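To start, the structure itself, in structure tokens.
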Amino acid sequence: MTKTSAKSSLQSQIDENLRRVYEEALKEEVPERFKDLLAQLKAKEAAAKEPGK
């Protein structure tokens with residue numbers, strides 16, 4: 001195997017592993033704590049946009 005093909009093969013393996021990890025992360029549920037924080041941020045953002053604030 002030449003240096004170029006070895007590098008290409010290694011790059012392919014890295015790509016596949018990163019893709020697999022990313023896909024698994026997408027399937028994970030968002031923790032309730034994060035959902036609560038997002039809801040609080042949205043509420044503050046909505047309050048800041050109200051007229052008179």
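In the structure tokens, chains take letters A, B, ... by order of appearance, with residues numbered from 1 within each chain and ligands from 1 in the order shown.
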
In chain A, what's helix (DSSP H, G or I) per DSSP? Answer as a VMD selection string?
chain A and resid 3 to 27 32 to 49

To one decimal place, how far is atom CA of Glu50 of chain A from atom CA of Leu38 of chain A in Å?
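It comes out at 18.7 Å.
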
Report the distance between atom CA of Val30 of chain A and atom CA of Ala43 of chain A in Å, rounded to one decimal place.
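Calculated distance between atom CA of Val30 of chain A and atom CA of Ala43 of chain A is 18.8 Å.
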
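Our summary of the geometry notes that atom CA of Ile14 of chain A is positioned 21.5 Å from atom CA of Glu28 of chain A.
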